[in-house]
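Just input12.cif here, mmCIF, C-alpha atoms:
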```cif
data_work
#
loop_
_atom_site.label_atom_id
_atom_site.label_comp_id
_atom_site.auth_asym_id
_atom_site.auth_seq_id
_atom_site.Cartn_x
_atom_site.Cartn_y
_atom_site.Cartn_z
CA MET A 93 112.32 98.68 73.78
CA ALA A 94 111.59 95.15 74.96
CA LEU A 95 112.75 94.17 78.40
CA LYS A 96 115.80 92.14 77.54
CA ALA A 97 116.90 88.88 79.09
CA VAL A 98 120.43 87.65 78.49
CA HIS A 99 121.82 84.19 77.92
CA VAL A 100 123.51 82.17 80.62
CA SER A 101 126.75 82.21 78.65
CA ASP A 102 127.08 85.98 79.04
CA VAL A 103 127.88 85.93 82.77
CA PRO A 104 128.92 83.10 85.11
CA ASN A 105 125.91 81.41 86.67
CA LEU A 106 125.78 79.96 90.14
CA ASP A 107 128.16 77.08 89.61
CA GLN A 108 130.69 79.39 87.92
CA VAL A 109 130.90 82.15 90.52
CA PRO A 110 134.47 82.34 91.86
CA GLU A 111 134.91 80.99 95.36
CA SER A 112 135.67 83.63 97.99
CA PRO A 113 135.52 83.86 101.78
CA SER A 114 132.39 86.01 101.51
CA VAL A 115 130.42 84.00 98.96
CA ALA A 116 131.14 80.28 99.00
CA LEU A 117 128.66 78.55 96.74
CA SER A 118 128.93 74.78 96.97
CA SER A 119 127.29 72.72 94.26
CA ALA A 120 124.94 71.21 96.81
CA ARG A 121 123.38 74.64 97.41
CA LEU A 122 122.82 75.62 93.77
CA PRO A 123 119.21 76.43 92.91
CA LYS A 124 117.81 73.86 90.55
CA GLY A 125 117.09 75.30 87.12
CA ALA A 126 119.99 77.77 87.17
CA GLU A 127 121.41 76.23 84.02
CA VAL A 128 118.18 76.50 82.02
CA VAL A 129 118.05 79.19 79.33
CA ARG A 130 114.57 80.68 79.05
CA PRO A 131 113.46 82.76 76.07
CA PRO A 132 113.69 86.55 76.53
CA TRP A 133 110.46 88.17 77.60
CA LYS A 134 108.97 90.40 74.92
CA ALA A 135 107.20 93.21 76.72
CA ALA A 136 104.40 95.29 75.31
CA ALA A 137 105.26 98.53 73.53
CA PHE A 138 104.44 100.31 76.78
CA THR A 139 104.55 98.23 79.95
CA VAL A 140 102.11 98.64 82.84
CA VAL A 141 103.08 97.08 86.17
CA GLY A 142 100.72 96.73 89.14
CA HIS A 143 102.33 98.15 92.29
CA ARG A 144 102.24 95.53 95.06
CA GLY A 145 99.54 93.84 92.99
CA SER A 146 96.55 96.04 92.30
CA GLY A 147 97.99 98.96 94.29
CA MET A 148 99.67 99.85 97.55
CA ASN A 149 97.73 100.53 100.75
CA ALA A 150 97.91 104.21 101.75
CA LEU A 151 95.96 104.04 105.00
CA GLU A 152 96.04 107.81 105.50
CA SER A 153 94.66 108.53 102.02
CA PRO A 154 91.05 109.73 101.62
CA ASP A 155 90.95 107.87 98.30
CA ARG A 156 89.15 104.58 99.00
CA ARG A 157 90.88 102.94 96.05
CA MET A 158 94.10 103.00 98.09
CA THR A 159 92.55 100.71 100.71
CA ALA A 160 90.42 98.55 98.43
CA VAL A 161 92.42 95.32 98.74
CA LYS A 162 95.37 94.16 100.88
CA GLU A 163 98.62 94.98 99.10
CA ASN A 164 101.18 92.24 98.34
CA SER A 165 98.57 89.50 98.68
CA LEU A 166 97.38 86.68 96.44
CA LEU A 167 94.01 88.43 96.23
CA SER A 168 95.64 91.65 95.05
CA PHE A 169 97.82 89.91 92.47
CA ASN A 170 94.95 87.97 90.94
CA ARG A 171 92.70 91.03 90.95
CA ALA A 172 95.36 92.94 89.02
CA ALA A 173 95.52 90.07 86.53
CA ARG A 174 91.97 90.93 85.41
CA PHE A 175 93.39 93.94 83.59
CA PRO A 176 95.81 94.17 80.64
CA ILE A 177 99.03 94.51 82.65
CA ASP A 178 102.37 92.85 82.00
CA LEU A 179 103.63 92.35 85.55
CA VAL A 180 102.84 92.82 89.20
CA GLU A 181 105.56 94.24 91.40
CA PHE A 182 106.01 92.95 94.94
CA ASP A 183 108.57 93.03 97.74
CA VAL A 184 110.39 89.89 98.86
CA GLN A 185 112.25 89.46 102.14
CA VAL A 186 113.62 86.31 103.76
CA THR A 187 112.54 85.14 107.21
CA ARG A 188 114.91 84.04 109.92
CA ASP A 189 114.40 80.41 108.94
CA GLY A 190 115.18 81.10 105.27
CA CYS A 191 111.74 81.39 103.65
CA PRO A 192 111.13 84.13 101.05
CA ILE A 193 107.96 85.99 101.98
CA ILE A 194 106.11 88.92 100.38
CA PHE A 195 105.95 92.03 102.55
CA HIS A 196 106.98 95.65 101.99
CA ASP A 197 107.84 97.23 105.34
CA ASN A 198 111.00 96.54 107.30
CA THR A 199 109.01 96.04 110.50
CA ILE A 200 105.59 94.68 111.41
CA LEU A 201 103.37 96.11 114.15
CA THR A 202 100.70 94.60 116.37
CA GLU A 203 99.10 95.32 119.72
CA GLU A 204 99.91 93.00 122.60
CA ASP A 205 98.50 93.46 126.12
CA GLY A 206 97.56 97.03 125.31
CA ASN A 207 101.04 97.93 124.09
CA MET A 208 102.30 98.37 120.55
CA SER A 209 104.81 95.70 119.51
CA GLU A 210 107.16 96.27 116.57
CA LYS A 211 109.43 93.55 115.18
CA ARG A 212 111.80 93.38 112.25
CA VAL A 213 110.31 91.11 109.59
CA THR A 214 113.59 89.34 108.85
CA ASP A 215 113.93 88.44 112.55
CA LEU A 216 110.67 86.44 112.45
CA PHE A 217 110.31 82.76 111.73
CA LEU A 218 107.82 81.96 108.96
CA GLU A 219 105.17 80.64 111.36
CA GLU A 220 105.19 83.86 113.37
CA PHE A 221 105.07 86.05 110.26
CA LEU A 222 102.01 84.20 108.98
CA SER A 223 100.29 84.60 112.36
CA TYR A 224 99.69 88.30 111.67
CA GLY A 225 96.46 89.45 110.05
CA PRO A 226 93.71 87.29 108.51
CA GLN A 227 94.19 83.53 108.83
CA ARG A 228 93.31 80.91 106.24
CA GLU A 229 92.33 78.32 108.81
CA ASN A 230 88.66 78.63 109.74
CA GLY A 231 88.11 79.90 113.26
CA LYS A 232 91.70 80.96 113.74
CA VAL A 233 92.25 84.63 114.67
CA GLY A 234 95.46 86.35 113.67
CA LYS A 235 97.33 89.12 115.41
CA SER A 236 96.02 92.63 114.82
CA LEU A 237 97.91 94.67 112.25
CA PHE A 238 99.04 98.29 112.37
CA ARG A 239 101.20 100.39 110.11
CA LYS A 240 103.22 103.58 110.42
CA ALA A 241 102.20 106.43 108.14
CA LYS A 242 104.79 108.77 106.65
CA ASP A 243 103.92 111.39 109.26
CA GLY A 244 104.70 108.94 112.06
CA ARG A 245 101.13 108.08 113.04
CA VAL A 246 100.37 104.45 113.78
CA LEU A 247 97.21 103.42 111.94
CA SER A 248 95.13 100.26 112.06
CA TRP A 249 95.75 98.32 108.84
CA ILE A 250 92.16 98.00 107.64
CA VAL A 251 91.21 97.43 104.01
CA GLU A 252 87.95 96.67 102.25
CA ASP A 253 89.03 93.24 100.94
CA ASP A 254 91.55 91.69 103.30
CA ASP A 255 93.76 88.67 102.71
CA SER A 256 96.42 86.61 104.44
CA PHE A 257 100.13 87.15 104.05
CA CYS A 258 101.84 84.81 101.62
CA THR A 259 105.17 83.32 100.63
CA LEU A 260 106.93 83.70 97.29
CA GLN A 261 106.29 80.02 96.58
CA GLU A 262 102.55 80.49 97.09
CA ALA A 263 102.56 83.41 94.67
CA PHE A 264 104.05 81.20 91.97
CA GLN A 265 101.59 78.42 92.69
CA ARG A 266 98.38 80.43 93.12
CA VAL A 267 98.63 83.52 90.91
CA ASN A 268 97.50 83.53 87.26
CA SER A 269 100.40 81.92 85.39
CA ASN A 270 100.20 84.42 82.53
CA LEU A 271 101.02 87.30 84.84
CA GLY A 272 104.67 88.31 85.05
CA PHE A 273 106.45 89.06 88.33
CA ASN A 274 108.65 92.06 89.09
CA ILE A 275 110.36 90.71 92.19
CA GLU A 276 111.79 93.53 94.27
CA LEU A 277 114.63 92.28 96.44
CA LYS A 278 113.87 94.18 99.63
CA PHE A 279 116.60 95.29 102.02
CA ASP A 280 116.66 97.97 104.71
CA ASP A 281 117.88 101.31 103.30
CA TYR A 282 119.83 102.09 106.45
CA ILE A 283 121.65 98.83 107.12
CA VAL A 284 125.09 98.05 105.71
CA TYR A 285 124.92 94.40 104.66
CA ARG A 286 127.82 91.98 104.45
CA GLU A 287 128.07 90.13 101.16
CA GLU A 288 127.34 86.83 102.94
CA GLU A 289 124.06 88.24 104.25
CA LEU A 290 122.99 89.36 100.79
CA ALA A 291 124.04 86.05 99.26
CA HIS A 292 122.07 84.05 101.84
CA ALA A 293 118.87 85.94 101.09
CA LEU A 294 119.33 85.96 97.32
CA GLN A 295 120.09 82.23 97.17
CA ALA A 296 116.90 81.46 99.10
CA ILE A 297 114.88 83.59 96.68
CA LEU A 298 116.53 82.10 93.59
CA GLN A 299 115.84 78.57 94.80
CA VAL A 300 112.09 79.30 94.84
CA VAL A 301 112.23 81.09 91.49
CA PHE A 302 114.05 78.26 89.76
CA ASP A 303 111.80 75.63 91.33
CA TYR A 304 108.47 77.27 90.54
CA ALA A 305 108.80 79.97 87.86
CA ASN A 306 108.41 77.69 84.83
CA ASP A 307 107.70 80.02 81.87
CA ARG A 308 106.39 82.94 83.89
CA PRO A 309 107.99 86.28 82.86
CA ILE A 310 110.21 87.60 85.66
CA ILE A 311 112.43 90.58 86.30
CA PHE A 312 114.38 91.36 89.46
CA SER A 313 114.72 94.85 90.88
CA THR A 314 116.31 96.35 93.98
CA PHE A 315 117.39 99.64 95.55
CA GLN A 316 120.40 97.85 97.09
CA PRO A 317 123.32 98.35 94.68
CA ASP A 318 125.36 95.41 95.97
CA ALA A 319 122.33 93.13 95.82
CA ALA A 320 121.74 94.19 92.21
CA GLN A 321 125.30 93.31 91.32
CA LEU A 322 125.19 90.01 93.18
CA ILE A 323 121.87 88.77 91.77
CA ARG A 324 123.28 89.47 88.31
CA LYS A 325 126.36 87.38 89.12
CA LEU A 326 124.30 84.55 90.58
CA GLN A 327 122.05 84.20 87.54
CA SER A 328 121.83 85.48 83.98
CA ILE A 329 118.41 84.11 83.06
CA TYR A 330 116.23 86.98 84.24
CA PRO A 331 116.75 90.72 83.71
CA VAL A 332 117.94 92.79 86.68
CA TYR A 333 116.82 96.40 87.13
CA PHE A 334 118.30 98.95 89.50
CA LEU A 335 115.77 100.98 91.49
CA THR A 336 116.65 104.60 92.18
CA ASP A 337 115.06 107.59 93.86
CA ALA A 338 116.98 109.64 91.25
CA GLY A 339 117.82 112.41 93.70
CA THR A 340 114.34 112.85 95.17
CA GLU A 341 115.78 111.40 98.39
CA ILE A 342 119.46 111.41 99.31
CA PHE A 343 121.39 108.47 100.78
CA GLU A 344 124.94 107.98 102.01
CA ASP A 345 125.59 105.56 99.15
CA VAL A 346 126.09 107.90 96.19
CA ARG A 347 125.13 105.15 93.75
CA ARG A 348 121.53 105.69 94.84
CA ASN A 349 121.38 109.44 94.37
CA SER A 350 121.03 110.14 90.64
CA LEU A 351 120.13 108.69 87.28
CA ASP A 352 123.72 109.21 86.15
CA GLU A 353 124.92 106.99 88.99
CA ALA A 354 122.24 104.43 88.11
CA ILE A 355 123.45 104.32 84.51
CA LYS A 356 127.05 103.84 85.67
CA LEU A 357 126.05 100.98 87.97
CA CYS A 358 124.01 99.23 85.28
CA LEU A 359 126.84 99.42 82.75
CA ALA A 360 129.47 98.32 85.25
CA CYS A 361 127.43 95.33 86.49
CA GLY A 362 125.70 94.23 83.28
CA LEU A 363 122.20 95.10 84.46
CA GLN A 364 119.34 95.40 81.98
CA GLY A 365 117.49 98.49 83.13
CA ILE A 366 116.55 101.22 85.59
CA VAL A 367 113.38 101.78 87.60
CA SER A 368 113.34 105.46 88.57
CA GLU A 369 111.15 107.67 90.70
CA VAL A 370 109.19 109.46 87.99
CA ARG A 371 109.90 112.96 89.33
CA GLY A 372 113.61 112.35 88.85
CA VAL A 373 113.03 111.60 85.17
CA PHE A 374 110.78 114.62 84.62
CA ARG A 375 113.38 116.86 86.25
CA ASN A 376 116.17 115.41 84.07
CA PRO A 377 114.53 114.39 80.78
CA SER A 378 117.85 114.43 78.91
CA THR A 379 118.84 111.26 80.78
CA ILE A 380 116.25 109.28 78.83
CA ALA A 381 118.37 109.53 75.67
CA ARG A 382 121.51 108.49 77.57
CA ILE A 383 119.69 105.49 79.06
CA LYS A 384 118.54 104.38 75.62
CA GLU A 385 122.00 104.97 74.12
CA SER A 386 123.29 102.65 76.85
CA ASN A 387 120.87 99.95 75.65
CA LEU A 388 119.02 100.02 78.97
CA SER A 389 115.29 99.86 79.57
CA LEU A 390 113.60 102.52 81.73
CA LEU A 391 110.56 102.05 83.95
CA THR A 392 109.25 104.53 86.52
CA TYR A 393 107.38 104.44 89.82
CA GLY A 394 105.78 107.05 92.08
CA GLN A 395 102.48 108.76 92.83
CA LEU A 396 102.54 110.75 89.60
CA ASN A 397 102.08 107.46 87.76
CA ASN A 398 98.49 107.45 89.00
CA VAL A 399 97.89 110.60 86.91
CA PRO A 400 96.93 109.61 83.33
CA GLU A 401 98.46 112.80 81.91
CA ALA A 402 101.81 112.00 83.53
CA VAL A 403 101.73 108.47 82.13
CA TYR A 404 100.84 109.78 78.70
CA MET A 405 103.78 112.18 78.71
CA GLN A 406 106.12 109.32 79.61
CA HIS A 407 104.79 107.35 76.67
CA LEU A 408 105.58 110.31 74.40
CA MET A 409 109.04 110.70 75.94
CA GLY A 410 109.99 107.10 75.14
CA ILE A 411 109.90 105.64 78.65
CA ASN A 412 109.30 101.91 78.49
CA GLY A 413 106.68 101.52 81.20
CA VAL A 414 105.18 102.56 84.52
CA ILE A 415 104.48 100.98 87.92
CA VAL A 416 101.03 102.10 89.08
CA ASP A 417 98.56 101.80 91.94
CA LEU A 418 95.38 102.58 90.01
CA VAL A 419 95.61 99.59 87.71
CA LYS A 420 92.11 99.82 86.23
CA GLU A 421 92.27 103.54 85.47
CA ILE A 422 95.79 103.58 84.07
CA THR A 423 95.39 100.49 81.89
CA GLU A 424 92.27 102.07 80.39
CA ALA A 425 94.15 105.32 79.72
CA VAL A 426 97.14 103.48 78.22
CA SER A 427 94.84 101.48 75.95
CA ASP A 428 93.24 104.70 74.73
CA PHE A 429 96.39 106.64 73.97
CA THR A 430 98.36 103.75 72.48
CA ARG A 431 95.45 103.06 70.14
CA SER A 432 95.27 106.76 69.25
CA ALA A 433 99.02 106.87 68.69
CA THR A 434 98.86 103.91 66.30
CA GLU A 435 96.05 105.51 64.35
CA GLY A 436 97.93 108.81 64.26
CA ARG A 437 101.10 107.21 62.91
CA GLU A 438 99.13 105.53 60.15
CA GLU A 439 97.70 108.90 59.12
CA GLN A 440 101.17 110.51 59.17
CA ILE A 441 102.56 107.78 56.95
CA LYS A 442 99.72 108.28 54.48
CA GLU A 443 100.19 112.05 54.46
CA GLY A 444 103.98 111.96 54.52
CA THR A 445 104.04 114.57 57.28
CA ARG A 446 106.35 114.94 60.27
CA PRO A 447 104.89 114.01 63.68
CA LYS A 448 103.35 116.94 65.53
CA PHE A 449 101.99 117.43 69.03
CA SER A 450 98.22 117.48 69.00
CA GLN A 451 96.13 119.87 71.03
CA ARG A 452 95.35 116.93 73.32
CA GLU A 453 99.05 116.35 73.96
CA LEU A 454 99.72 120.01 74.63
CA SER A 455 96.75 120.12 76.98
CA PHE A 456 98.11 117.16 78.91
CA LEU A 457 101.51 118.82 79.21
CA LEU A 458 99.97 121.99 80.59
CA LYS A 459 98.02 119.98 83.16
CA LEU A 460 101.14 118.08 84.11
CA ILE A 461 103.29 121.12 84.93
CA PRO A 462 101.34 122.07 88.10
CA GLU A 463 101.54 118.46 89.26
CA LEU A 464 105.33 118.59 89.00
CA ILE A 465 105.65 121.96 90.73
CA GLN A 466 103.94 120.54 93.82
CA TYR A 467 106.72 118.01 94.39
#
```
Written form, structure tokens:
Amino acid sequence: MALKAVHVSDVPNLDQVPESPSVALSSARLPKGAEVVRPPWKAAAFTVVGHRGSGMNALESPDRRMTAVKENSLLSFNRAARFPIDLVEFDVQVTRDGCPIIFHDNTILTEEDGNMSEKRVTDLFLEEFLSYGPQRENGKVGKSLFRKAKDGRVLSWIVEDDDSFCTLQEAFQRVNSNLGFNIELKFDDYIVYREEELAHALQAILQVVFDYANDRPIIFSTFQPDAAQLIRKLQSIYPVYFLTDAGTEIFEDVRRNSLDEAIKLCLACGLQGIVSEVRGVFRNPSTIARIKESNLSLLTYGQLNNVPEAVYMQHLMGINGVIVDLVKEITEAVSDFTRSATEGREEQIKEGTRPKFSQRELSFLLKLIPELIQY
């Protein structure tokens, strides 16, 4: 299934959103380009998306590929563009002075006077945010960078090929124009946001998108259910996907806790698809049919997507695409099995036989089962 964009006429755009005390959108604040209808993006038969560019940084991992290049950087995006991928996924937050920047974590850590300093990213002004890490200006030294691992350890953020932080505008201007963007609208999982706060951030992001996107393929995604609904109301040019942990992690907001809830939210809000933690899909494969019956697209994310066998099984199951860290390895694997699948279908048509699982497919499934049991 192609990732579907809808026409502006389907849902009110920015200048048609009803006025309310919580979201007052004056015509002077409308992002330029909101009225332009862009052609729907036709995705590949099986979509591969680079996670935070050419892969996230897992500083605690012994796998050197996970610290090869700074995640969410211009360098990482353009390196991913060397491979046959459709999109890069990255996280966008808005600074205190209203600038959309690309950064994953809710907080940023540095060492000051021998003590660890931790600040919320959205509390920083743009200039301060850009002062962390490598600097573009010759001779200028940025603040040291650290990051919290899942086990609570604070690790020095060191990668093989480092790069400066960047803004969303810079990504549009300096990343290969043929590469699509999966813009994750990043909000803190444990903060209850007022609608005005969400609207302020989303309007700032949309202004940059409408000013600089041109014909670049774009989808929006977010774990924040209210943000997903609001970005869909504010624009109907680009597809909106709801991100879900699909029950692998539980939140107070029940809309985040299952694929069934994700389907309900998408249908209620006119969203175009779901991005699920892959383990949630493998544990509930029957939901794939319900998602397709609902005319929704399904992408997945998670560590299992760095296992070629797991990606191959998703291809067989009818999932539309995967978000991956190991871009080189997974694009090579996808190229191999999609080519084999095409050749196999041609043979089946010639022979008039029903499709059958090959020994290769069965072998992959058997290898995959232990991977799933570990999680």
>> One decimal, in Å: what's the spacing between atom CA of Pro400 of chain A and atom CA of Ile422 of chain A?
In response: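 Rounded to one decimal, the two atoms are 6.2 Å apart.
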> How far is it from atom CA of Ala241 of chain A to atom CA of Phe257 of chain A, in Å with one decimal?
Replying inline: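 The value is 19.8 Å.
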> Near Thr423 of chain A, within 9 Å and counting all atoms listed in the file, which residues show up once chain neighbours fewer than 6 positions away are dropped, as number ranges by chain?
Replying inline: A: 140, 175-177
> Suppose you want the space between atom CA of Arg156 of chain A and atom CA of Val399 of chain A; what is it in Å?
Replying inline: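 Result for atom CA of Arg156 of chain A versus atom CA of Val399 of chain A: 16.1 Å, one decimal.
Using all atoms listed in the file, the contacts of Ala293 of chain A at a cut-off of 9 Å, with sequence neighbours closer than 3 positions omitted, comprise Gln185, Val186, Thr187, Gly190, Cys191, Pro192, Leu277, Glu288, Glu289, Leu290, Ala296, Ile297 and Leu298 of chain A.
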>> Selection in question (the file shown): the PyMOL selection byres ((chain A and resi 369) around 6). Which residues does it include, as a VMD selection string?
In response: chain A and resid 337 368 370 to 372 392 to 394
>> Between A:Thr430, A:Thr159, A:Asn398, A:Ser328, which residue has the minimum interatomic distance to Glu252 of chain A, considering only C-alpha atoms?
In response: A:Thr159
> What residues come out when you apply the PyMOL selection byres ((chain A and resi 417) around 10) to this file, written as a ChimeraX atom specification?
Replying inline: /A:141-149,157-158,163,172,393-395,397-398,414-416,418-422
> With distances taken over all atoms listed in the file, which of A:Gly234, A:Pro154, A:Pro317, A:Gly225 is nearest to Val284 of chain A?
Replying inline: A:Pro317
>> Using only C-alpha atoms for the distances, tell me which of A:Asn198, A:Ser236, A:Asn230, A:Asn412 is nearest to Asp215 of chain A.
In response: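 The closest residue to Asp215 of chain A is A:Asn198.
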>> Since I can't run it myself right now, could you work out what the PyMOL selection byres ((chain A and resi 309) around 6) selects here and report it as a PyMOL selection string?
In response: chain A and resi 272+308+310
Can you spit out the residues from that selection as a PDB file, in the frame of the given file, using C-alpha atoms?
```pdb
ATOM      1  CA  GLY A 272     104.670  88.310  85.050  1.00  0.00           C
ATOM      2  CA  ARG A 308     106.390  82.940  83.890  1.00  0.00           C
ATOM      3  CA  ILE A 310     110.210  87.600  85.660  1.00  0.00           C
TER       4      ILE A 310
END
```
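Of the residues under consideration (A:Asn376, A:Ser248, A:Gln227, A:Asn170), A:Ser248 shows the shortest atom-to-atom contact distance to Met208 of chain A when counting only C-alpha atoms.
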